[in-house]
file entry-v7.pdb (PDB, C-alpha atoms and all ligand atoms)
ATOM      1  CA  MET A   1     117.706 156.526 139.750  1.00  0.00           C
ATOM      2  CA  ALA A   2     120.149 157.697 137.080  1.00  0.00           C
ATOM      3  CA  ASP A   3     121.452 155.683 134.121  1.00  0.00           C
ATOM      4  CA  ASP A   4     125.142 154.931 133.775  1.00  0.00           C
ATOM      5  CA  THR A   5     125.158 156.965 130.587  1.00  0.00           C
ATOM      6  CA  ASN A   6     123.213 159.833 132.060  1.00  0.00           C
ATOM      7  CA  LEU A   7     124.419 160.235 135.587  1.00  0.00           C
ATOM      8  CA  THR A   8     123.098 163.645 136.436  1.00  0.00           C
ATOM      9  CA  LEU A   9     119.519 163.466 135.207  1.00  0.00           C
ATOM     10  CA  SER A  10     116.603 161.892 136.972  1.00  0.00           C
ATOM     11  CA  ARG A  11     113.995 160.135 134.878  1.00  0.00           C
ATOM     12  CA  ARG A  12     110.694 158.333 135.156  1.00  0.00           C
ATOM     13  CA  GLY A  13     110.861 154.525 135.026  1.00  0.00           C
ATOM     14  CA  LEU A  14     109.217 152.503 132.268  1.00  0.00           C
ATOM     15  CA  MET A  15     107.181 149.327 131.994  1.00  0.00           C
ATOM     16  CA  PHE A  16     108.902 146.874 129.664  1.00  0.00           C
ATOM     17  CA  VAL A  17     106.591 144.108 128.512  1.00  0.00           C
ATOM     18  CA  LEU A  18     108.233 141.049 126.982  1.00  0.00           C
ATOM     19  CA  SER A  19     105.722 138.597 125.528  1.00  0.00           C
ATOM     20  CA  SER A  20     106.014 135.561 123.295  1.00  0.00           C
ATOM     21  CA  PRO A  21     104.441 132.213 122.689  1.00  0.00           C
ATOM     22  CA  SER A  22     106.100 129.529 124.786  1.00  0.00           C
ATOM     23  CA  GLY A  23     109.058 128.217 122.825  1.00  0.00           C
ATOM     24  CA  ALA A  24     110.193 131.623 121.568  1.00  0.00           C
ATOM     25  CA  GLY A  25     112.734 132.271 124.316  1.00  0.00           C
ATOM     26  CA  LYS A  26     111.023 134.857 126.498  1.00  0.00           C
ATOM     27  CA  THR A  27     112.144 133.272 129.771  1.00  0.00           C
ATOM     28  CA  THR A  28     115.804 133.156 128.714  1.00  0.00           C
ATOM     29  CA  ILE A  29     115.862 136.750 127.467  1.00  0.00           C
ATOM     30  CA  SER A  30     114.052 137.974 130.612  1.00  0.00           C
ATOM     31  CA  ARG A  31     116.578 136.247 132.823  1.00  0.00           C
ATOM     32  CA  MET A  32     119.468 137.788 130.874  1.00  0.00           C
ATOM     33  CA  LEU A  33     117.976 141.274 131.225  1.00  0.00           C
ATOM     34  CA  LEU A  34     117.476 140.904 134.967  1.00  0.00           C
ATOM     35  CA  GLU A  35     120.998 139.563 135.456  1.00  0.00           C
ATOM     36  CA  ARG A  36     122.788 142.085 133.263  1.00  0.00           C
ATOM     37  CA  ASP A  37     120.895 145.296 133.864  1.00  0.00           C
ATOM     38  CA  ALA A  38     120.868 146.725 137.372  1.00  0.00           C
ATOM     39  CA  HIS A  39     118.066 149.209 136.713  1.00  0.00           C
ATOM     40  CA  ILE A  40     115.240 146.857 135.790  1.00  0.00           C
ATOM     41  CA  ARG A  41     113.390 144.509 138.064  1.00  0.00           C
ATOM     42  CA  MET A  42     110.588 142.037 137.622  1.00  0.00           C
ATOM     43  CA  SER A  43     107.025 143.076 138.275  1.00  0.00           C
ATOM     44  CA  VAL A  44     105.785 140.312 140.564  1.00  0.00           C
ATOM     45  CA  SER A  45     102.201 139.274 139.829  1.00  0.00           C
ATOM     46  CA  ALA A  46      99.606 137.714 142.078  1.00  0.00           C
ATOM     47  CA  THR A  47      98.203 134.381 140.921  1.00  0.00           C
ATOM     48  CA  THR A  48      95.724 131.758 142.026  1.00  0.00           C
ATOM     49  CA  ARG A  49      97.678 128.911 140.462  1.00  0.00           C
ATOM     50  CA  PRO A  50      99.535 126.532 142.790  1.00  0.00           C
ATOM     51  CA  MET A  51     103.228 127.129 143.445  1.00  0.00           C
ATOM     52  CA  ARG A  52     105.543 124.975 141.309  1.00  0.00           C
ATOM     53  CA  PRO A  53     108.667 123.292 142.669  1.00  0.00           C
ATOM     54  CA  GLY A  54     111.505 125.811 142.850  1.00  0.00           C
ATOM     55  CA  GLU A  55     109.234 128.860 142.900  1.00  0.00           C
ATOM     56  CA  VAL A  56     109.521 131.368 145.737  1.00  0.00           C
ATOM     57  CA  GLU A  57     106.681 133.414 147.240  1.00  0.00           C
ATOM     58  CA  GLY A  58     107.208 137.108 146.475  1.00  0.00           C
ATOM     59  CA  ARG A  59     109.958 136.432 143.933  1.00  0.00           C
ATOM     60  CA  ASP A  60     108.103 134.458 141.243  1.00  0.00           C
ATOM     61  CA  TYR A  61     104.552 135.322 142.277  1.00  0.00           C
ATOM     62  CA  PHE A  62     102.411 136.281 145.216  1.00  0.00           C
ATOM     63  CA  PHE A  63     100.380 133.084 145.570  1.00  0.00           C
ATOM     64  CA  VAL A  64      96.842 133.929 146.660  1.00  0.00           C
ATOM     65  CA  SER A  65      93.514 132.135 147.075  1.00  0.00           C
ATOM     66  CA  GLN A  66      90.679 132.822 144.656  1.00  0.00           C
ATOM     67  CA  GLU A  67      88.921 134.713 147.464  1.00  0.00           C
ATOM     68  CA  GLN A  68      91.943 136.951 148.090  1.00  0.00           C
ATOM     69  CA  TYR A  69      92.288 137.512 144.356  1.00  0.00           C
ATOM     70  CA  ASP A  70      88.620 138.450 143.966  1.00  0.00           C
ATOM     71  CA  GLY A  71      89.011 140.916 146.864  1.00  0.00           C
ATOM     72  CA  LYS A  72      91.950 142.588 145.119  1.00  0.00           C
ATOM     73  CA  VAL A  73      89.947 142.879 141.897  1.00  0.00           C
ATOM     74  CA  ALA A  74      86.987 144.374 143.819  1.00  0.00           C
ATOM     75  CA  ARG A  75      89.251 146.923 145.545  1.00  0.00           C
ATOM     76  CA  CYS A  76      90.870 147.825 142.177  1.00  0.00           C
ATOM     77  CA  GLU A  77      94.323 146.843 143.447  1.00  0.00           C
ATOM     78  CA  PHE A  78      95.457 145.498 140.064  1.00  0.00           C
ATOM     79  CA  LEU A  79      96.839 147.543 137.176  1.00  0.00           C
ATOM     80  CA  GLU A  80      95.693 144.724 134.906  1.00  0.00           C
ATOM     81  CA  TYR A  81      94.380 141.221 135.425  1.00  0.00           C
ATOM     82  CA  ALA A  82      93.418 138.271 133.280  1.00  0.00           C
ATOM     83  CA  THR A  83      92.598 134.593 133.284  1.00  0.00           C
ATOM     84  CA  VAL A  84      95.271 132.619 131.455  1.00  0.00           C
ATOM     85  CA  PHE A  85      94.908 128.870 130.850  1.00  0.00           C
ATOM     86  CA  GLY A  86      92.300 128.614 133.631  1.00  0.00           C
ATOM     87  CA  ASN A  87      94.252 130.486 136.348  1.00  0.00           C
ATOM     88  CA  SER A  88      93.875 134.094 137.470  1.00  0.00           C
ATOM     89  CA  TYR A  89      96.758 136.576 137.344  1.00  0.00           C
ATOM     90  CA  GLY A  90      97.084 140.252 138.197  1.00  0.00           C
ATOM     91  CA  THR A  91      99.704 143.006 138.511  1.00  0.00           C
ATOM     92  CA  PRO A  92      99.587 144.770 141.905  1.00  0.00           C
ATOM     93  CA  GLU A  93      99.382 148.497 141.258  1.00  0.00           C
ATOM     94  CA  ALA A  94     101.015 150.164 144.281  1.00  0.00           C
ATOM     95  CA  GLN A  95     104.579 148.880 143.850  1.00  0.00           C
ATOM     96  CA  ILE A  96     104.609 149.880 140.197  1.00  0.00           C
ATOM     97  CA  ARG A  97     103.267 153.434 140.484  1.00  0.00           C
ATOM     98  CA  ASP A  98     105.667 154.344 143.296  1.00  0.00           C
ATOM     99  CA  GLY A  99     108.573 152.672 141.510  1.00  0.00           C
ATOM    100  CA  LEU A 100     108.007 154.528 138.232  1.00  0.00           C
ATOM    101  CA  VAL A 101     108.122 157.898 139.984  1.00  0.00           C
ATOM    102  CA  ALA A 102     111.371 156.852 141.653  1.00  0.00           C
ATOM    103  CA  GLY A 103     112.895 155.972 138.246  1.00  0.00           C
ATOM    104  CA  GLN A 104     112.567 152.212 138.588  1.00  0.00           C
ATOM    105  CA  ASP A 105     112.075 150.176 135.379  1.00  0.00           C
ATOM    106  CA  PHE A 106     109.895 147.077 135.511  1.00  0.00           C
ATOM    107  CA  LEU A 107     109.950 143.963 133.360  1.00  0.00           C
ATOM    108  CA  PHE A 108     106.567 142.326 132.751  1.00  0.00           C
ATOM    109  CA  ASP A 109     105.933 138.716 131.818  1.00  0.00           C
ATOM    110  CA  ILE A 110     102.228 138.998 131.102  1.00  0.00           C
ATOM    111  CA  ASP A 111      99.979 137.775 128.327  1.00  0.00           C
ATOM    112  CA  TRP A 112      98.471 139.828 125.488  1.00  0.00           C
ATOM    113  CA  GLN A 113      95.255 140.598 127.407  1.00  0.00           C
ATOM    114  CA  GLY A 114      97.224 142.102 130.289  1.00  0.00           C
ATOM    115  CA  THR A 115      99.443 143.998 127.857  1.00  0.00           C
ATOM    116  CA  GLN A 116      96.381 145.616 126.266  1.00  0.00           C
ATOM    117  CA  GLN A 117      94.996 146.693 129.650  1.00  0.00           C
ATOM    118  CA  LEU A 118      98.361 148.016 130.775  1.00  0.00           C
ATOM    119  CA  TYR A 119      98.667 150.058 127.606  1.00  0.00           C
ATOM    120  CA  GLN A 120      95.152 151.475 127.971  1.00  0.00           C
ATOM    121  CA  LYS A 121      95.927 152.616 131.516  1.00  0.00           C
ATOM    122  CA  MET A 122      99.562 153.662 131.374  1.00  0.00           C
ATOM    123  CA  GLU A 123     100.157 154.256 127.656  1.00  0.00           C
ATOM    124  CA  SER A 124     103.319 156.359 127.569  1.00  0.00           C
ATOM    125  CA  ASP A 125     104.984 154.336 130.343  1.00  0.00           C
ATOM    126  CA  VAL A 126     104.592 151.041 128.474  1.00  0.00           C
ATOM    127  CA  VAL A 127     107.031 149.550 125.949  1.00  0.00           C
ATOM    128  CA  ARG A 128     105.722 146.347 124.342  1.00  0.00           C
ATOM    129  CA  VAL A 129     108.093 143.784 122.843  1.00  0.00           C
ATOM    130  CA  PHE A 130     107.017 140.519 121.246  1.00  0.00           C
ATOM    131  CA  LEU A 131     109.360 137.649 120.365  1.00  0.00           C
ATOM    132  CA  LEU A 132     108.694 135.236 117.511  1.00  0.00           C
ATOM    133  CA  PRO A 133     110.306 131.850 116.880  1.00  0.00           C
ATOM    134  CA  PRO A 134     112.427 131.682 113.690  1.00  0.00           C
ATOM    135  CA  SER A 135     110.270 129.011 112.025  1.00  0.00           C
ATOM    136  CA  LEU A 136     107.458 126.562 112.566  1.00  0.00           C
ATOM    137  CA  ASP A 137     109.912 123.661 112.553  1.00  0.00           C
ATOM    138  CA  GLU A 138     112.071 125.299 115.209  1.00  0.00           C
ATOM    139  CA  LEU A 139     108.994 126.076 117.320  1.00  0.00           C
ATOM    140  CA  ARG A 140     107.934 122.416 117.119  1.00  0.00           C
ATOM    141  CA  ARG A 141     111.429 121.348 118.094  1.00  0.00           C
ATOM    142  CA  ARG A 142     111.444 123.678 121.106  1.00  0.00           C
ATOM    143  CA  LEU A 143     107.997 122.559 122.211  1.00  0.00           C
ATOM    144  CA  THR A 144     108.933 118.889 122.005  1.00  0.00           C
ATOM    145  CA  THR A 145     110.553 118.644 125.401  1.00  0.00           C
ATOM    146  CA  ARG A 146     110.814 114.875 125.565  1.00  0.00           C
ATOM    147  CA  GLY A 147     110.925 112.135 122.965  1.00  0.00           C
ATOM    148  CA  THR A 148     107.969 110.649 124.799  1.00  0.00           C
ATOM    149  CA  ASP A 149     105.591 113.563 124.111  1.00  0.00           C
ATOM    150  CA  SER A 150     102.568 112.259 122.216  1.00  0.00           C
ATOM    151  CA  ALA A 151     101.529 113.744 118.882  1.00  0.00           C
ATOM    152  CA  GLU A 152      98.380 115.122 120.577  1.00  0.00           C
ATOM    153  CA  VAL A 153     100.361 116.883 123.301  1.00  0.00           C
ATOM    154  CA  ILE A 154     102.700 118.467 120.756  1.00  0.00           C
ATOM    155  CA  ALA A 155      99.785 119.465 118.510  1.00  0.00           C
ATOM    156  CA  ALA A 156      98.049 121.130 121.492  1.00  0.00           C
ATOM    157  CA  ARG A 157     101.218 123.080 122.395  1.00  0.00           C
ATOM    158  CA  MET A 158     101.636 124.162 118.771  1.00  0.00           C
ATOM    159  CA  ALA A 159      98.015 125.316 118.552  1.00  0.00           C
ATOM    160  CA  ARG A 160      98.379 127.318 121.770  1.00  0.00           C
ATOM    161  CA  ALA A 161     101.605 128.918 120.560  1.00  0.00           C
ATOM    162  CA  GLN A 162     100.044 129.834 117.222  1.00  0.00           C
ATOM    163  CA  SER A 163      97.062 131.403 118.927  1.00  0.00           C
ATOM    164  CA  GLU A 164      99.481 133.505 121.026  1.00  0.00           C
ATOM    165  CA  ILE A 165     101.387 134.506 117.872  1.00  0.00           C
ATOM    166  CA  SER A 166      98.156 135.871 116.409  1.00  0.00           C
ATOM    167  CA  HIS A 167      98.426 138.805 118.856  1.00  0.00           C
ATOM    168  CA  TRP A 168     101.762 139.991 117.436  1.00  0.00           C
ATOM    169  CA  ASP A 169     100.312 143.250 116.104  1.00  0.00           C
ATOM    170  CA  GLY A 170      99.462 144.545 119.578  1.00  0.00           C
ATOM    171  CA  TYR A 171     103.146 145.248 120.259  1.00  0.00           C
ATOM    172  CA  ASP A 172     105.523 148.150 119.513  1.00  0.00           C
ATOM    173  CA  TYR A 173     108.496 145.943 118.629  1.00  0.00           C
ATOM    174  CA  VAL A 174     108.387 142.448 117.124  1.00  0.00           C
ATOM    175  CA  LEU A 175     111.658 140.513 116.991  1.00  0.00           C
ATOM    176  CA  VAL A 176     112.527 137.105 115.581  1.00  0.00           C
ATOM    177  CA  ASN A 177     114.552 135.146 118.101  1.00  0.00           C
ATOM    178  CA  ASP A 178     116.882 133.134 115.874  1.00  0.00           C
ATOM    179  CA  ASP A 179     119.942 133.570 118.094  1.00  0.00           C
ATOM    180  CA  VAL A 180     119.656 134.241 121.824  1.00  0.00           C
ATOM    181  CA  GLU A 181     122.610 136.624 122.193  1.00  0.00           C
ATOM    182  CA  ALA A 182     121.678 138.587 119.060  1.00  0.00           C
ATOM    183  CA  CYS A 183     118.059 138.804 120.179  1.00  0.00           C
ATOM    184  CA  TYR A 184     119.095 139.896 123.672  1.00  0.00           C
ATOM    185  CA  ALA A 185     121.274 142.629 122.153  1.00  0.00           C
ATOM    186  CA  ARG A 186     118.321 143.972 120.193  1.00  0.00           C
ATOM    187  CA  VAL A 187     116.006 143.838 123.207  1.00  0.00           C
ATOM    188  CA  PHE A 188     118.597 145.719 125.249  1.00  0.00           C
ATOM    189  CA  GLN A 189     118.989 148.376 122.532  1.00  0.00           C
ATOM    190  CA  ILE A 190     115.254 148.956 122.627  1.00  0.00           C
ATOM    191  CA  LEU A 191     115.288 149.286 126.411  1.00  0.00           C
ATOM    192  CA  GLU A 192     118.188 151.744 126.336  1.00  0.00           C
ATOM    193  CA  ALA A 193     116.672 153.870 123.576  1.00  0.00           C
ATOM    194  CA  GLU A 194     113.301 153.985 125.333  1.00  0.00           C
ATOM    195  CA  ARG A 195     115.003 155.135 128.537  1.00  0.00           C
ATOM    196  CA  GLN A 196     116.329 158.164 126.669  1.00  0.00           C
ATOM    197  CA  ARG A 197     112.918 159.412 125.514  1.00  0.00           C
ATOM    198  CA  ARG A 198     112.543 163.055 126.354  1.00  0.00           C
ATOM    199  CA  ALA A 199     109.199 162.525 128.066  1.00  0.00           C
ATOM    200  CA  ARG A 200     110.823 160.204 130.630  1.00  0.00           C
ATOM    201  CA  GLN A 201     113.723 162.570 131.360  1.00  0.00           C
ATOM    202  CA  THR A 202     112.138 164.390 134.272  1.00  0.00           C
ATOM    203  CA  GLY A 203     115.473 165.988 135.148  1.00  0.00           C
ATOM    204  CA  LEU A 204     115.820 167.658 131.751  1.00  0.00           C
ATOM    205  CA  ILE A 205     113.762 170.753 132.487  1.00  0.00           C
ATOM    206  CA  ASP A 206     116.016 172.009 135.276  1.00  0.00           C
ATOM    207  CA  PHE A 207     119.113 170.857 133.405  1.00  0.00           C
ATOM    208  CA  VAL A 208     118.214 172.736 130.233  1.00  0.00           C
ATOM    209  CA  ARG A 209     117.046 175.786 132.196  1.00  0.00           C
ATOM    210  CA  ASP A 210     120.478 175.902 133.757  1.00  0.00           C
ATOM    211  CA  LEU A 211     122.158 175.601 130.341  1.00  0.00           C
ATOM    212  CA  MET A 212     120.099 178.539 129.092  1.00  0.00           C
ATOM    213  CA  ARG A 213     120.630 180.872 132.036  1.00  0.00           C
ATOM    214  CA  PRO A 214     122.516 184.076 131.127  1.00  0.00           C
ATOM    215  CA  ASP A 215     126.225 183.416 131.342  1.00  0.00           C
TER     216      ASP A 215
HETATM  217  P1  LIG B 301     102.756 130.681 134.379  1.00  0.00           P
HETATM  218  O1  LIG B 301     101.606 130.217 135.212  1.00  0.00           O
HETATM  219  O2  LIG B 301     103.289 129.596 133.487  1.00  0.00           O
HETATM  220  O3  LIG B 301     103.831 131.339 135.217  1.00  0.00           O
HETATM  221  O4  LIG B 301     102.207 131.831 133.408  1.00  0.00           O
HETATM  222  C1  LIG B 301     101.202 131.543 132.485  1.00  0.00           C
HETATM  223  C2  LIG B 301     100.898 132.767 131.668  1.00  0.00           C
HETATM  224  O5  LIG B 301     100.360 133.803 132.486  1.00  0.00           O
HETATM  225  C3  LIG B 301     102.096 133.373 130.933  1.00  0.00           C
HETATM  226  O6  LIG B 301     101.698 133.621 129.590  1.00  0.00           O
HETATM  227  C4  LIG B 301     102.337 134.684 131.634  1.00  0.00           C
HETATM  228  O7  LIG B 301     102.834 135.661 130.732  1.00  0.00           O
HETATM  229  C5  LIG B 301     100.931 135.049 132.106  1.00  0.00           C
HETATM  230  N1  LIG B 301     100.950 135.941 133.272  1.00  0.00           N
HETATM  231  C6  LIG B 301     101.718 135.851 134.390  1.00  0.00           C
HETATM  232  N2  LIG B 301     101.451 136.863 135.239  1.00  0.00           N
HETATM  233  C7  LIG B 301     100.485 137.621 134.655  1.00  0.00           C
HETATM  234  C8  LIG B 301      99.800 138.821 135.043  1.00  0.00           C
HETATM  235  O8  LIG B 301      99.993 139.429 136.109  1.00  0.00           O
HETATM  236  N3  LIG B 301      98.871 139.289 134.174  1.00  0.00           N
HETATM  237  C9  LIG B 301      98.624 138.685 132.979  1.00  0.00           C
HETATM  238  N4  LIG B 301      97.717 139.237 132.193  1.00  0.00           N
HETATM  239  N5  LIG B 301      99.242 137.561 132.580  1.00  0.00           N
HETATM  240  C10 LIG B 301     100.170 137.019 133.410  1.00  0.00           C
END
call {"tool": "encode", "arguments": {"input": "entry-v7.pdb", "output": "structure tokens", "more": "lines below"}}
Ligand code: 5GP
result
Amino acid sequence: MADDTNLTLSRRGLMFVLSSPSGAGKTTISRMLLERDAHIRMSVSATTRPMRPGEVEGRDYFFVSQEQYDGKVARCEFLEYATVFGNSYGTPEAQIRDGLVAGQDFLFDIDWQGTQQLYQKMESDVVRVFLLPPSLDELRRRLTTRGTDSAEVIAARMARAQSEISHWDGYDYVLVNDDVEACYARVFQILEAERQRRARQTGLIDFVRDLMRPD
């Protein structure tokens, strides 16, 4: 698939990982990317956790039993997999590998453990972006969803978010999300610049060869 800015050249797709502690705006920015950019689509994971209201099989997740999940792990069908908050998650490999060759970009909403595994396996295909909240106060505000949340519940959410933040240095780009539109613009710039990397421009060799042929 060609980019709008680069219509004649084919390129390899990339794996765009967007991670953040909950409360830092990852879901909003992901949704904006998927809505506004026609060339990226979500990597759909398999999970053992129960489906939540509003979720759709195959769109949000592939919902599988623990037995099915274990089978996929045993057959090495996952590019990466991890247990997050007591549930098992994994990225099915086949759809991604074929898609990358065809020039498809994928957006990943996976945790830091999965990001590490993905990077170990697919290094040059992976772009890792981490979002931070603008302040501790703002994080607390965003994690206090209802006035009825108890102090213990809020403290537990804060502790979980801070433990996620501690993995910030495993990412290529770390952005502070103080304004959603501004943050989205920076995320999009990163995506666009990464698409232009020479190593991904598989069509360049023939293109340049043609430019250099004797006139
Ligand atoms: P949720 O169950 O709320 O959708 O996701 C919980 C956590 O699991 C989130 O931090 C999300 O990023 C992570 N997650 C979702 N899918 C995967 C996956 O395939 N691999 C890994 N490593 N983490 C995942």
call {"tool": "axis_aligned_box", "arguments": {"input": "entry-v7.pdb", "around": "ligand LIG 301 (chain B)", "padding_each_side": "6 Å", "output": "JSON"}}
result
{"center_x": 100.8, "center_y": 134.5, "center_z": 132.8, "size_x": 18.1, "size_y": 21.8, "size_z": 18.5}
call {"tool": "resolve_selection", "arguments": {"input": "entry-v7.pdb", "expression": "the PyMOL selection byres (((chain A and resi 73-85) around 9) and not hetatm)", "output": "list in words"}}
result
Gln68, Tyr69, Asp70, Gly71, Lys72, Gly86, Asn87, Ser88, Tyr89, Gly90, Thr91, Pro92, Glu93, Ala94, Ile96, Asp111, Gln113, Gly114, Thr115, Gln116, Gln117, Leu118, Lys121 and Met122 of chain A
call {"tool": "write_last_selection", "arguments": {"input": "entry-v7.pdb", "atoms": "C-alpha atoms", "output": "PDB file, in the frame of the given file"}}
result
ATOM      1  CA  GLN A  68      91.943 136.951 148.090  1.00  0.00           C
ATOM      2  CA  TYR A  69      92.288 137.512 144.356  1.00  0.00           C
ATOM      3  CA  ASP A  70      88.620 138.450 143.966  1.00  0.00           C
ATOM      4  CA  GLY A  71      89.011 140.916 146.864  1.00  0.00           C
ATOM      5  CA  LYS A  72      91.950 142.588 145.119  1.00  0.00           C
ATOM      6  CA  GLY A  86      92.300 128.614 133.631  1.00  0.00           C
ATOM      7  CA  ASN A  87      94.252 130.486 136.348  1.00  0.00           C
ATOM      8  CA  SER A  88      93.875 134.094 137.470  1.00  0.00           C
ATOM      9  CA  TYR A  89      96.758 136.576 137.344  1.00  0.00           C
ATOM     10  CA  GLY A  90      97.084 140.252 138.197  1.00  0.00           C
ATOM     11  CA  THR A  91      99.704 143.006 138.511  1.00  0.00           C
ATOM     12  CA  PRO A  92      99.587 144.770 141.905  1.00  0.00           C
ATOM     13  CA  GLU A  93      99.382 148.497 141.258  1.00  0.00           C
ATOM     14  CA  ALA A  94     101.015 150.164 144.281  1.00  0.00           C
ATOM     15  CA  ILE A  96     104.609 149.880 140.197  1.00  0.00           C
ATOM     16  CA  ASP A 111      99.979 137.775 128.327  1.00  0.00           C
ATOM     17  CA  GLN A 113      95.255 140.598 127.407  1.00  0.00           C
ATOM     18  CA  GLY A 114      97.224 142.102 130.289  1.00  0.00           C
ATOM     19  CA  THR A 115      99.443 143.998 127.857  1.00  0.00           C
ATOM     20  CA  GLN A 116      96.381 145.616 126.266  1.00  0.00           C
ATOM     21  CA  GLN A 117      94.996 146.693 129.650  1.00  0.00           C
ATOM     22  CA  LEU A 118      98.361 148.016 130.775  1.00  0.00           C
ATOM     23  CA  LYS A 121      95.927 152.616 131.516  1.00  0.00           C
ATOM     24  CA  MET A 122      99.562 153.662 131.374  1.00  0.00           C
TER      25      MET A 122
END
call {"tool": "atom_distance", "arguments": {"input": "entry-v7.pdb", "atom1": "CA of Phe108 (chain A)", "atom2": "CA of Arg160 (chain A)"}}
result
20.3 Å
call {"tool": "atom_distance", "arguments": {"input": "entry-v7.pdb", "atom1": "CA of Cys183 (chain A)", "atom2": "CA of Val17 (chain A)"}}
result
15.1 Å
call {"tool": "resolve_selection", "arguments": {"input": "entry-v7.pdb", "expression": "the PyMOL selection byres (((chain A and resi 62) around 9) and not hetatm)", "output": "list in words"}}
result
Val44, Ser45, Ala46, Thr47, Thr48, Val56, Glu57, Gly58, Arg59, Asp60, Tyr61, Phe63 and Val64 of chain A
call {"tool": "residues_around", "arguments": {"input": "entry-v7.pdb", "residues": "region 173-176 of chain A", "least_positions_apart": "3", "cutoff": "9 Å", "atoms": "all atoms listed in the file", "output": "PyMOL selection string"}}
result
chain A and resi 24+127-134+168-169+179+183+186-187+190
call {"tool": "atom_distance", "arguments": {"input": "entry-v7.pdb", "atom1": "CA of Ser163 (chain A)", "atom2": "CA of Thr27 (chain A)"}}
result
18.7 Å
call {"tool": "closest_residue", "arguments": {"input": "entry-v7.pdb", "among": "A:Leu211, A:Leu204, A:Leu191, A:Gln66", "to": "Leu33 (chain A)", "atoms": "all atoms listed in the file"}}
result
A:Leu191
call {"tool": "decode", "arguments": {"input": "entry-v7.pdb", "residues": "region 8-20 of chain A", "atoms": "N, CA, C and O atoms", "output": "mmCIF file, in the first residue's frame"}}
result
data_model
loop_
_atom_site.group_PDB
_atom_site.id
_atom_site.type_symbol
_atom_site.label_atom_id
_atom_site.label_comp_id
_atom_site.auth_asym_id
_atom_site.auth_seq_id
_atom_site.Cartn_x
_atom_site.Cartn_y
_atom_site.Cartn_z
ATOM 1 N N THR A 8 4.024 6.399 -5.468
ATOM 2 C CA THR A 8 4.552 5.406 -6.388
ATOM 3 C C THR A 8 5.349 4.297 -5.702
ATOM 4 O O THR A 8 5.614 3.290 -6.316
ATOM 5 N N LEU A 9 5.760 4.503 -4.469
ATOM 6 C CA LEU A 9 6.677 3.550 -3.859
ATOM 7 C C LEU A 9 5.987 2.601 -2.890
ATOM 8 O O LEU A 9 5.209 3.033 -2.051
ATOM 9 N N SER A 10 6.310 1.337 -3.017
ATOM 10 C CA SER A 10 5.780 0.391 -2.041
ATOM 11 C C SER A 10 6.684 0.408 -0.813
ATOM 12 O O SER A 10 7.857 0.768 -0.882
ATOM 13 N N ARG A 11 6.126 0.050 0.319
ATOM 14 C CA ARG A 11 6.942 0.004 1.532
ATOM 15 C C ARG A 11 6.433 -1.088 2.457
ATOM 16 O O ARG A 11 5.301 -1.551 2.330
ATOM 17 N N ARG A 12 7.319 -1.473 3.394
ATOM 18 C CA ARG A 12 6.944 -2.446 4.398
ATOM 19 C C ARG A 12 6.153 -1.729 5.484
ATOM 20 O O ARG A 12 6.453 -0.578 5.815
ATOM 21 N N GLY A 13 5.139 -2.396 6.047
ATOM 22 C CA GLY A 13 4.362 -1.811 7.133
ATOM 23 C C GLY A 13 5.179 -1.750 8.419
ATOM 24 O O GLY A 13 6.277 -2.298 8.508
ATOM 25 N N LEU A 14 4.646 -1.086 9.421
ATOM 26 C CA LEU A 14 5.334 -1.012 10.712
ATOM 27 C C LEU A 14 4.378 -1.368 11.852
ATOM 28 O O LEU A 14 3.157 -1.403 11.665
ATOM 29 N N MET A 15 4.975 -1.635 12.989
ATOM 30 C CA MET A 15 4.198 -2.002 14.182
ATOM 31 C C MET A 15 4.301 -0.836 15.153
ATOM 32 O O MET A 15 5.383 -0.566 15.690
ATOM 33 N N PHE A 16 3.215 -0.147 15.354
ATOM 34 C CA PHE A 16 3.201 1.083 16.155
ATOM 35 C C PHE A 16 2.594 0.765 17.519
ATOM 36 O O PHE A 16 1.394 0.539 17.632
ATOM 37 N N VAL A 17 3.454 0.755 18.529
ATOM 38 C CA VAL A 17 2.986 0.417 19.873
ATOM 39 C C VAL A 17 2.716 1.695 20.652
ATOM 40 O O VAL A 17 3.599 2.546 20.787
ATOM 41 N N LEU A 18 1.498 1.828 21.143
ATOM 42 C CA LEU A 18 1.130 2.987 21.956
ATOM 43 C C LEU A 18 0.788 2.465 23.343
ATOM 44 O O LEU A 18 -0.196 1.748 23.520
ATOM 45 N N SER A 19 1.637 2.792 24.320
ATOM 46 C CA SER A 19 1.395 2.333 25.689
ATOM 47 C C SER A 19 1.295 3.526 26.620
ATOM 48 O O SER A 19 1.863 4.591 26.345
ATOM 49 N N SER A 20 0.601 3.315 27.734
ATOM 50 C CA SER A 20 0.546 4.351 28.771
ATOM 51 C C SER A 20 -0.102 3.742 29.997
ATOM 52 O O SER A 20 -0.773 2.723 29.895
#
